[in-house]
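Student: Sharing target.txt (compact mmCIF, C-alpha atoms) below.
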# COMPACT_ATOMS: atom_id res chain seq x y z
CA MET A 1 57.34 47.01 -15.21
CA ASP A 2 58.75 50.47 -15.57
CA SER A 3 55.56 52.48 -15.14
CA ALA A 4 57.26 55.64 -16.36
CA GLN A 5 57.53 54.02 -19.80
CA ALA A 6 53.93 52.83 -20.05
CA GLY A 7 51.89 55.16 -22.21
CA SER A 8 54.96 56.96 -23.40
CA GLY A 9 57.91 56.26 -25.59
CA GLU A 10 58.26 53.80 -28.41
CA LEU A 11 59.03 50.16 -28.94
CA ALA A 12 61.48 49.07 -31.61
CA VAL A 13 59.83 45.99 -33.10
CA ASP A 14 61.59 43.68 -35.57
CA VAL A 15 58.97 41.69 -37.48
CA TRP A 16 59.60 38.76 -39.79
CA ARG A 17 58.46 39.56 -43.34
CA GLY A 18 58.10 37.09 -46.19
CA GLY A 19 58.40 33.31 -46.25
CA ASP A 20 61.18 30.96 -45.15
CA ASP A 21 63.72 33.15 -46.93
CA GLY A 22 62.38 36.42 -45.54
CA ARG A 23 63.99 38.99 -43.28
CA TYR A 24 63.18 41.18 -40.30
CA GLN A 25 61.66 44.64 -40.78
CA ARG A 26 61.88 47.29 -38.06
CA PHE A 27 58.76 49.18 -36.91
CA ALA A 28 58.40 51.89 -34.26
CA VAL A 29 55.28 51.27 -32.17
CA PRO A 30 53.94 53.56 -29.43
CA ARG A 31 54.22 52.10 -25.95
CA ARG A 32 50.96 51.85 -24.04
CA ALA A 33 49.87 50.66 -20.61
CA SER A 34 48.85 46.97 -20.37
CA GLN A 35 49.92 46.49 -23.99
CA THR A 36 50.05 42.92 -25.26
CA VAL A 37 52.30 41.64 -28.03
CA LEU A 38 49.17 41.08 -30.12
CA ASP A 39 48.28 44.77 -29.60
CA VAL A 40 51.70 45.65 -31.01
CA VAL A 41 51.20 43.48 -34.10
CA THR A 42 47.68 44.83 -34.63
CA HIS A 43 48.99 48.41 -34.37
CA ILE A 44 51.55 47.69 -37.07
CA GLN A 45 48.94 46.21 -39.39
CA ARG A 46 46.31 48.91 -38.79
CA PHE A 47 48.56 51.97 -38.86
CA LEU A 48 51.98 51.18 -40.31
CA ASP A 49 51.75 48.41 -42.91
CA PRO A 50 48.38 46.87 -43.86
CA THR A 51 50.14 44.09 -45.79
CA LEU A 52 51.38 42.43 -42.59
CA SER A 53 49.97 38.89 -42.24
CA TYR A 54 49.23 37.38 -38.83
CA ARG A 55 46.56 35.27 -37.16
CA PHE A 56 44.33 35.90 -34.22
CA ALA A 57 40.71 35.35 -33.31
CA CYS A 58 39.53 35.46 -29.70
CA ARG A 59 42.14 37.80 -28.12
CA VAL A 60 41.48 36.21 -24.72
CA GLY A 61 43.59 33.04 -24.68
CA MET A 62 40.97 30.55 -25.80
CA CYS A 63 41.35 29.92 -29.50
CA GLY A 64 45.05 29.15 -29.81
CA SER A 65 45.59 30.98 -33.09
CA CYS A 66 47.88 33.90 -32.22
CA ALA A 67 51.04 32.10 -31.12
CA MET A 68 54.30 33.54 -32.48
CA THR A 69 57.98 33.57 -31.66
CA VAL A 70 58.53 36.49 -29.28
CA ASN A 71 62.16 37.35 -28.53
CA GLY A 72 63.18 33.81 -29.43
CA LYS A 73 60.49 31.94 -27.49
CA PRO A 74 57.07 30.74 -28.65
CA ARG A 75 54.25 32.49 -26.82
CA TRP A 76 50.54 33.22 -27.09
CA THR A 77 50.71 36.86 -28.04
CA CYS A 78 47.22 37.90 -26.90
CA ARG A 79 48.07 37.23 -23.27
CA THR A 80 51.74 38.10 -23.32
CA HIS A 81 52.31 41.59 -21.96
CA VAL A 82 55.00 43.69 -23.57
CA ASP A 83 56.28 44.61 -20.12
CA LYS A 84 57.11 40.99 -19.44
CA VAL A 85 59.03 40.24 -22.63
CA ALA A 86 60.45 43.47 -24.10
CA ARG A 87 64.13 44.00 -23.42
CA ASP A 88 65.36 47.60 -23.55
CA GLY A 89 62.22 48.59 -25.42
CA ARG A 90 62.83 46.03 -28.16
CA LEU A 91 60.77 43.14 -29.46
CA THR A 92 61.62 40.57 -32.12
CA LEU A 93 58.59 38.79 -33.58
CA GLY A 94 58.60 35.83 -35.94
CA PRO A 95 56.38 32.94 -36.96
CA LEU A 96 56.33 29.75 -34.87
CA ALA A 97 59.40 27.54 -35.31
CA ASN A 98 59.29 23.92 -36.56
CA MET A 99 56.59 24.78 -39.12
CA PRO A 100 56.84 26.09 -42.68
CA VAL A 101 56.34 29.83 -42.94
CA VAL A 102 53.33 30.86 -44.99
CA ARG A 103 54.02 34.58 -44.83
CA ASP A 104 55.21 37.07 -42.24
CA LEU A 105 53.94 35.88 -38.83
CA VAL A 106 51.76 33.09 -40.20
CA ALA A 107 53.12 29.54 -39.94
CA ASP A 108 51.57 26.55 -41.71
CA MET A 109 50.05 24.45 -38.92
CA GLY A 110 48.86 21.70 -41.27
CA GLY A 111 51.62 19.26 -40.36
CA PHE A 112 51.13 20.02 -36.68
CA PHE A 113 47.46 19.06 -36.80
CA ASP A 114 48.05 16.10 -39.13
CA LYS A 115 50.14 14.63 -36.32
CA TRP A 116 47.16 14.82 -33.96
CA ALA A 117 45.38 12.51 -36.40
CA LEU A 118 48.44 10.23 -36.68
CA ALA A 119 48.47 9.97 -32.87
CA ARG A 120 44.81 8.90 -33.08
CA GLY A 121 43.64 12.03 -31.37
CA GLN A 122 40.04 11.29 -32.34
CA PHE A 123 37.65 9.92 -29.73
CA ALA A 124 36.53 6.38 -30.65
CA PRO A 125 33.08 5.86 -29.16
CA THR A 126 32.05 2.51 -27.68
CA ALA A 127 28.40 3.36 -27.13
CA THR A 128 25.54 4.63 -29.25
CA ARG A 129 23.00 7.34 -28.60
CA ALA A 130 20.60 4.60 -27.51
CA ASP A 131 22.87 3.71 -24.60
CA PRO A 132 22.62 5.45 -21.23
CA PHE A 133 25.13 8.15 -20.34
CA ALA A 134 28.53 6.90 -19.25
CA VAL A 135 29.18 7.46 -15.58
CA VAL A 136 32.72 8.74 -15.06
CA ASP A 137 33.85 9.36 -11.51
CA PRO A 138 35.63 12.74 -11.50
CA ALA A 139 37.82 11.53 -8.64
CA SER A 140 39.01 8.39 -10.44
CA ALA A 141 42.72 8.20 -11.22
CA ALA A 142 42.18 7.97 -14.97
CA ARG A 143 39.80 10.93 -15.09
CA ARG A 144 42.20 13.06 -13.05
CA GLU A 145 45.00 12.23 -15.50
CA ALA A 146 42.77 13.24 -18.40
CA ASP A 147 41.65 16.43 -16.63
CA ALA A 148 45.25 17.46 -16.02
CA ALA A 149 45.92 17.44 -19.76
CA ILE A 150 42.53 18.33 -21.26
CA GLU A 151 42.76 22.13 -21.45
CA CYS A 152 45.03 22.25 -24.52
CA ILE A 153 43.98 24.96 -26.99
CA GLY A 154 46.16 23.67 -29.84
CA CYS A 155 48.23 26.83 -30.11
CA GLY A 156 51.40 25.02 -31.20
CA VAL A 157 53.67 26.71 -28.64
CA CYS A 158 54.90 23.36 -27.28
CA TYR A 159 55.54 22.03 -30.78
CA ALA A 160 57.56 25.10 -31.70
CA ALA A 161 59.51 24.90 -28.43
CA CYS A 162 60.40 21.20 -28.80
CA ASP A 163 63.99 20.40 -29.81
CA VAL A 164 63.06 16.80 -30.61
CA VAL A 165 60.59 18.04 -33.26
CA ALA A 166 63.46 20.01 -34.81
CA TRP A 167 65.76 16.97 -34.77
CA ASN A 168 63.23 14.34 -35.81
CA PRO A 169 60.66 15.68 -38.29
CA ALA A 170 58.53 12.54 -37.91
CA TYR A 171 58.15 13.09 -34.15
CA LEU A 172 54.48 13.56 -33.28
CA GLY A 173 55.24 16.33 -30.81
CA PRO A 174 53.99 17.29 -27.34
CA ALA A 175 50.48 18.48 -28.26
CA ALA A 176 49.45 15.40 -30.25
CA LEU A 177 50.86 13.06 -27.60
CA ASN A 178 49.19 15.06 -24.84
CA ARG A 179 45.89 14.68 -26.70
CA ALA A 180 46.46 10.93 -27.05
CA TRP A 181 47.07 10.71 -23.31
CA THR A 182 43.70 12.29 -22.50
CA LEU A 183 42.01 9.63 -24.66
CA VAL A 184 44.06 6.77 -23.22
CA ASN A 185 42.57 7.84 -19.88
CA ASP A 186 39.03 8.16 -21.23
CA VAL A 187 37.12 5.09 -20.08
CA ARG A 188 34.50 5.61 -22.83
CA ASP A 189 37.10 5.35 -25.60
CA GLY A 190 37.48 2.11 -27.55
CA ALA A 191 40.76 2.59 -29.42
CA ARG A 192 43.26 2.34 -26.58
CA GLY A 193 45.35 -0.44 -28.13
CA LYS A 194 45.58 1.14 -31.55
CA ARG A 195 46.34 4.51 -30.02
CA LEU A 196 49.15 3.15 -27.84
CA ALA A 197 50.57 1.48 -30.95
CA ALA A 198 50.28 4.74 -32.88
CA VAL A 199 52.16 6.77 -30.26
CA ALA A 200 54.92 4.22 -29.57
CA GLY A 201 58.35 4.19 -31.14
CA ASP A 202 60.90 6.69 -32.35
CA ALA A 203 58.34 9.00 -33.94
CA GLY A 204 56.19 8.84 -30.84
CA CYS A 205 56.46 9.16 -27.09
CA HIS A 206 59.71 7.19 -26.83
CA ALA A 207 61.58 9.89 -28.74
CA CYS A 208 60.92 12.43 -25.97
CA HIS A 209 64.11 13.36 -24.11
CA THR A 210 62.23 15.00 -21.24
CA LEU A 211 63.77 18.39 -22.05
CA MET A 212 60.53 19.97 -20.78
CA SER A 213 60.53 23.04 -23.02
CA CYS A 214 56.87 22.23 -23.76
CA THR A 215 56.00 22.20 -20.10
CA GLU A 216 57.94 25.38 -19.40
CA LEU A 217 56.30 27.36 -22.20
CA CYS A 218 52.75 25.91 -22.38
CA PRO A 219 50.54 28.98 -21.91
CA LYS A 220 47.86 26.83 -20.29
CA ALA A 221 50.41 25.53 -17.75
CA LEU A 222 49.88 21.94 -18.86
CA SER A 223 52.65 19.37 -18.69
CA PRO A 224 52.90 17.47 -21.98
CA THR A 225 56.09 15.97 -20.53
CA ARG A 226 54.01 14.26 -17.87
CA SER A 227 51.49 13.04 -20.46
CA ILE A 228 54.30 11.65 -22.63
CA ALA A 229 55.82 9.88 -19.62
CA GLY A 230 52.42 8.30 -19.03
CA LEU A 231 52.27 7.11 -22.63
CA LYS A 232 55.76 5.61 -22.34
CA ARG A 233 54.66 3.73 -19.24
CA GLU A 234 51.38 2.46 -20.69
CA SER A 235 52.81 1.44 -24.07
CA LEU A 236 55.60 -0.50 -22.34
CA ARG A 237 53.00 -2.16 -20.15
CA ALA A 238 51.01 -3.05 -23.26
CA LEU A 239 54.12 -4.51 -24.89
CA LEU A 240 54.98 -6.60 -21.84
CA SER A 241 51.43 -7.83 -21.33
CA GLY A 242 51.14 -8.81 -24.99
CA LYS A 243 47.85 -6.92 -25.23
CA ASP A 244 47.30 -3.91 -27.45
CA ALA A 245 49.90 -5.30 -29.84
CA ALA A 246 51.92 -2.70 -31.66
CA PRO A 247 52.23 -3.29 -35.42
CA MET B 1 62.32 -1.15 -37.39
CA SER B 2 58.92 -2.00 -35.96
CA ARG B 3 57.35 0.09 -33.22
CA ARG B 4 57.40 -2.94 -30.97
CA ALA B 5 61.18 -3.18 -31.44
CA GLU B 6 61.54 0.55 -30.80
CA VAL B 7 59.67 0.23 -27.51
CA ALA B 8 61.84 -2.76 -26.59
CA LEU B 9 64.99 -0.74 -27.34
CA TRP B 10 63.67 2.11 -25.21
CA ALA B 11 62.99 -0.30 -22.36
CA ALA B 12 66.47 -1.83 -22.72
CA GLN B 13 67.95 1.67 -22.60
CA ARG B 14 66.13 2.45 -19.34
CA LEU B 15 66.90 -0.93 -17.78
CA THR B 16 70.62 -0.70 -18.57
CA ALA B 17 70.64 2.89 -17.32
CA ALA B 18 69.26 1.74 -13.98
CA LEU B 19 71.86 -1.03 -13.80
CA LEU B 20 74.70 1.31 -14.80
CA ALA B 21 73.69 3.85 -12.14
CA ALA B 22 74.27 1.19 -9.46
CA PHE B 23 77.31 -0.35 -11.17
CA VAL B 24 79.14 2.96 -11.53
CA LEU B 25 78.62 3.71 -7.83
CA VAL B 26 80.02 0.31 -6.85
CA HIS B 27 82.87 0.77 -9.32
CA LEU B 28 83.79 4.22 -7.95
CA ALA B 29 83.51 3.05 -4.33
CA THR B 30 85.80 0.13 -5.17
CA ILE B 31 88.39 2.43 -6.73
CA VAL B 32 88.31 4.76 -3.73
CA TYR B 33 88.62 1.79 -1.37
CA ALA B 34 91.51 0.24 -3.29
CA VAL B 35 93.40 3.52 -3.41
CA ARG B 36 92.81 4.44 0.23
CA ALA B 37 93.65 0.92 1.45
CA GLY B 38 96.90 1.13 -0.49
CA LEU B 39 96.29 -2.13 -2.35
CA SER B 40 98.97 -3.02 -4.91
CA ALA B 41 98.08 -4.27 -8.38
CA ALA B 42 99.14 -7.75 -7.33
CA ALA B 43 96.90 -7.64 -4.26
CA ILE B 44 93.94 -6.51 -6.36
CA LEU B 45 94.55 -9.25 -8.93
CA ALA B 46 94.79 -11.86 -6.16
CA ARG B 47 91.42 -10.81 -4.78
CA VAL B 48 89.79 -10.78 -8.22
CA HIS B 49 91.20 -14.19 -9.09
CA SER B 50 89.78 -15.81 -5.99
CA SER B 51 86.30 -14.48 -6.64
CA LEU B 52 83.48 -15.26 -9.02
CA ALA B 53 81.47 -12.22 -8.00
CA TRP B 54 83.87 -9.59 -9.32
CA PRO B 55 84.25 -11.00 -12.84
CA ALA B 56 80.48 -11.55 -12.97
CA PHE B 57 79.89 -7.98 -11.83
CA TYR B 58 82.21 -6.50 -14.45
CA ALA B 59 80.93 -8.78 -17.21
CA LEU B 60 77.40 -7.54 -16.53
CA PHE B 61 78.77 -3.98 -16.33
CA ALA B 62 80.44 -4.31 -19.73
CA LEU B 63 77.35 -5.79 -21.37
CA ALA B 64 75.06 -3.11 -19.90
CA ALA B 65 77.42 -0.37 -21.10
CA ALA B 66 77.61 -1.92 -24.58
CA ILE B 67 73.82 -2.08 -24.93
CA HIS B 68 73.22 1.33 -23.41
CA GLY B 69 75.91 3.07 -25.41
CA ALA B 70 74.89 1.55 -28.73
CA ILE B 71 71.21 2.47 -28.34
CA GLY B 72 72.17 6.00 -27.31
CA LEU B 73 74.54 6.44 -30.24
CA ARG B 74 71.82 5.20 -32.60
CA THR B 75 69.55 7.97 -31.31
CA VAL B 76 72.32 10.56 -31.58
CA ALA B 77 72.96 9.45 -35.17
CA ALA B 78 69.25 9.82 -36.00
CA GLU B 79 68.77 13.20 -34.37
CA TRP B 80 72.06 14.95 -35.04
CA LEU B 81 73.21 13.33 -38.28
CA SER B 82 69.78 12.38 -39.69
CA TRP B 83 71.23 8.90 -40.12
CA ARG B 84 68.36 6.42 -39.80
CA GLY B 85 67.36 3.04 -41.15
CA ARG B 86 69.14 -0.25 -41.66
CA GLY B 87 72.60 1.20 -42.05
CA ALA B 88 72.36 3.07 -38.76
CA ASP B 89 70.85 0.02 -37.04
CA ALA B 90 73.67 -2.18 -38.31
CA ALA B 91 76.26 0.36 -37.16
CA ALA B 92 74.68 0.43 -33.70
CA VAL B 93 74.79 -3.36 -33.50
CA GLY B 94 78.44 -3.17 -34.54
CA VAL B 95 79.18 -0.67 -31.79
CA ALA B 96 77.39 -2.87 -29.25
CA ILE B 97 79.39 -5.93 -30.28
CA ALA B 98 82.69 -4.02 -30.30
CA LEU B 99 82.04 -2.56 -26.84
CA ALA B 100 80.94 -5.92 -25.45
CA VAL B 101 83.98 -7.72 -26.89
CA ALA B 102 86.37 -5.07 -25.58
CA GLY B 103 84.78 -5.08 -22.13
CA LEU B 104 84.52 -8.85 -21.80
CA ARG B 105 88.07 -9.26 -23.07
CA ALA B 106 89.29 -7.04 -20.23
CA VAL B 107 87.23 -9.01 -17.72
CA VAL B 108 88.66 -12.30 -18.96
CA ALA B 109 92.19 -10.90 -19.00
CA VAL B 110 91.92 -9.88 -15.34
CA ALA B 111 89.94 -12.82 -14.04
CA ALA B 112 91.58 -15.68 -15.89
Now, as a test, write the supplied structure out as structure tokens.
Tutor:
Amino acid sequence: MDSAQAGSGELAVDVWRGGDDGRYQRFAVPRRASQTVLDVVTHIQRFLDPTLSYRFACRVGMCGSCAMTVNGKPRWTCRTHVDKVARDGRLTLGPLANMPVVRDLVADMGGFFDKWALARGQFAPTATRADPFAVVDPASAARREADAAIECIGCGVCYAACDVVAWNPAYLGPAALNRAWTLVNDVRDGARGKRLAAVAGDAGCHACHTLMSCTELCPKALSPTRSIAGLKRESLRALLSGKDAAP
Amino acid sequence: MSRRAEVALWAAQRLTAALLAAFVLVHLATIVYAVRAGLSAAAILARVHSSLAWPAFYALFALAAAIHGAIGLRTVAAEWLSWRGRGADAAAVGVAIALAVAGLRAVVAVAA
């Protein structure tokens, strides 16, 4: 970071305005120390143009609502420092790619979350409240696989970064498949066969080309690529064993 | 196409890729050997004629390439041309058959 610039000078910020057929609008935003991209957007809305639409909630990287396209790449804006991404004092901000634009920096995440349901991202219990607690060894191979993928906050960065989503609109995408992988490795879950069937095929894990944009850009440093590779392996095993028959 | 068939195609793609990785290495090593040893076309043909292994190797090579290439082109058609469904599947089968026929014809021409 150029410390001489922090707290002085201005950023030239191009912000997407309107829907799918919108355009960029230039704003001049004061540069501050430790400024995040979300701080920049909030400054614009509070002081320059109150009609600017954007989403955020927690501001601390937990809720997954503030992701936007920052200088061409999807990022969580609350924990992305301007120093790290601004080039020559310039920022270009847009809504997440691969989703319809609602307005300005707000993308419609409905389709993104619908795909979590299509990938059977819901836990299917096998026990009732009358049963004793399940004992899951934290050191077991399955639990470690689930743990490695469990911290997803559903921000949509991986989905916006994925070229396969852009090429194949039916593709479930990295986040939904990553979620499915955590459940495939959950010994308490009772829908393994149906889930493997749901995530197989050309709209599922087998469409992944291992480009790894999701893994490179995931703000939680998860590897959906690894989860998808696991799903490929397990669904092939299910096919060969004749169990968990795919429809 | 059913999901089961899609998974089978994916598996076939990976299996033929693994085969082709080995086949191409053998193929390249053979070319380098033939060139460096100064073998004439007649000498190469004589060796191929007296062997069952070489025609079998190249027949398998041609079939693996036909399957692998057709599945890959089907995916390219879906992702880059948005061409999916029965028409695309039929075209991919056509490509596979054409590649297999062309490859096997060359094997037969050399070995017979």
Student: Should the cut-off be 12 Å, what would the residue list for chain A against chain B look like, counting all atoms listed in the file, as a ChimeraX atom specification?
Tutor: /A:163-171,194,196-209,231-240,242-247
Student: Could you tell me how far CA of Gly69 in chain B lies from CA of Ala34 in chain B, in Å and to one decimal?
Tutor: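 Pair CA of Gly69 in chain B / CA of Ala34 in chain B returns 27.2 Å.
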Student: Can you work out the spacing between CA of Ala124 in chain A and CA of Arg188 in chain A in Å, to one decimal?
Tutor: 8.1 Å
Student: So that I can check the surroundings of range 46-53 of chain B, please list as an mmCIF file with C-alpha atoms, keeping the file's coordinate frame every protein, DNA and RNA residue that reaches within 9 Å of it, counting only C-alpha atoms and ignoring chain neighbours fewer than 5 positions away.
Tutor:
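And here's result.cif as it stands now:
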data_model
loop_
_atom_site.group_PDB
_atom_site.id
_atom_site.type_symbol
_atom_site.label_atom_id
_atom_site.label_comp_id
_atom_site.auth_asym_id
_atom_site.auth_seq_id
_atom_site.Cartn_x
_atom_site.Cartn_y
_atom_site.Cartn_z
ATOM 1 C CA ALA B 41 98.080 -4.270 -8.380
ATOM 2 C CA TYR B 58 82.210 -6.500 -14.450
ATOM 3 C CA VAL B 110 91.920 -9.880 -15.340
ATOM 4 C CA ALA B 111 89.940 -12.820 -14.040
ATOM 5 C CA ALA B 112 91.580 -15.680 -15.890
#
Student: Residues at most 8 Å from range 15-22 of chain A, counting all atoms listed in the file, excluding those fewer than 4 positions away in the same chain, as a list of chain:residue names?
Tutor: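 Contacts, in chain order: A:Arg26, A:Phe27, A:Leu52, A:Thr92, A:Leu93, A:Gly94, A:Pro95, A:Pro100, A:Val101, A:Val102, A:Arg103, A:Asp104, A:Leu105.
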Student: Fewer than 4 positions away in the same chain doesn't count, so skip those; otherwise give me all residues within 7 Å of Glu145 in chain A, counting only C-alpha atoms, as a ChimeraX atom specification.
Tutor: /A:141,149,185
Student: Between B:Thr30, B:Phe61, B:Leu15, B:Val24, which residue has the minimum interatomic distance to Val107 in chain B, considering only C-alpha atoms?
Tutor: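 Distance minimum relative to Val107 in chain B lands on B:Phe61.
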Student: How far is it from CA of Ala107 in chain A to CA of Arg55 in chain A, in Å with one decimal?
Tutor: 9.1 Å
Student: Within 6 Å of Glu10 in chain A, counting all atoms listed in the file, which residues show up once you throw out same-chain ones fewer than 3 positions away? Write them as number ranges by chain, please.
Tutor: A: 29-31
Student: Can you tell me, as a ChimeraX atom specification, what residues are no more than 9 Å from Arg59 in chain A when counting all atoms listed in the file, ignoring any on the same chain fewer than 5 positions away?
Tutor: /A:38,66,77-79
Student: Could you tell me, as a short mmCIF file (atom, residue, chain, number, x, y, z; two decimals) with C-alpha atoms, keeping the file's coordinate frame, which residues have any atom at most 10 Å from (41.3, 23.9, -27.2), counting all atoms listed in the file?
Tutor:
data_model
loop_
_atom_site.label_atom_id
_atom_site.label_comp_id
_atom_site.auth_asym_id
_atom_site.auth_seq_id
_atom_site.Cartn_x
_atom_site.Cartn_y
_atom_site.Cartn_z
CA GLY A 61 43.59 33.04 -24.68
CA MET A 62 40.97 30.55 -25.80
CA CYS A 63 41.35 29.92 -29.50
CA GLY A 64 45.05 29.15 -29.81
CA ILE A 150 42.53 18.33 -21.26
CA GLU A 151 42.76 22.13 -21.45
CA CYS A 152 45.03 22.25 -24.52
CA ILE A 153 43.98 24.96 -26.99
CA GLY A 154 46.16 23.67 -29.84
CA CYS A 155 48.23 26.83 -30.11
CA LYS A 220 47.86 26.83 -20.29
#
Student: Which residue, B:Ile44, B:Ala66, B:Val35, B:Ala29, has the smallest gap to Thr16 in chain B when you use all atoms listed in the file?
Tutor: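 Going through B:Ile44, B:Ala66, B:Val35, B:Ala29 one by one, the smallest distance to Thr16 in chain B is for B:Ala66.
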Student: Tell me which of A:Pro219, A:Gly89, A:Gly121, A:Gly230 sits closest to Leu172 in chain A, counting all atoms listed in the file.
Tutor: A:Gly121
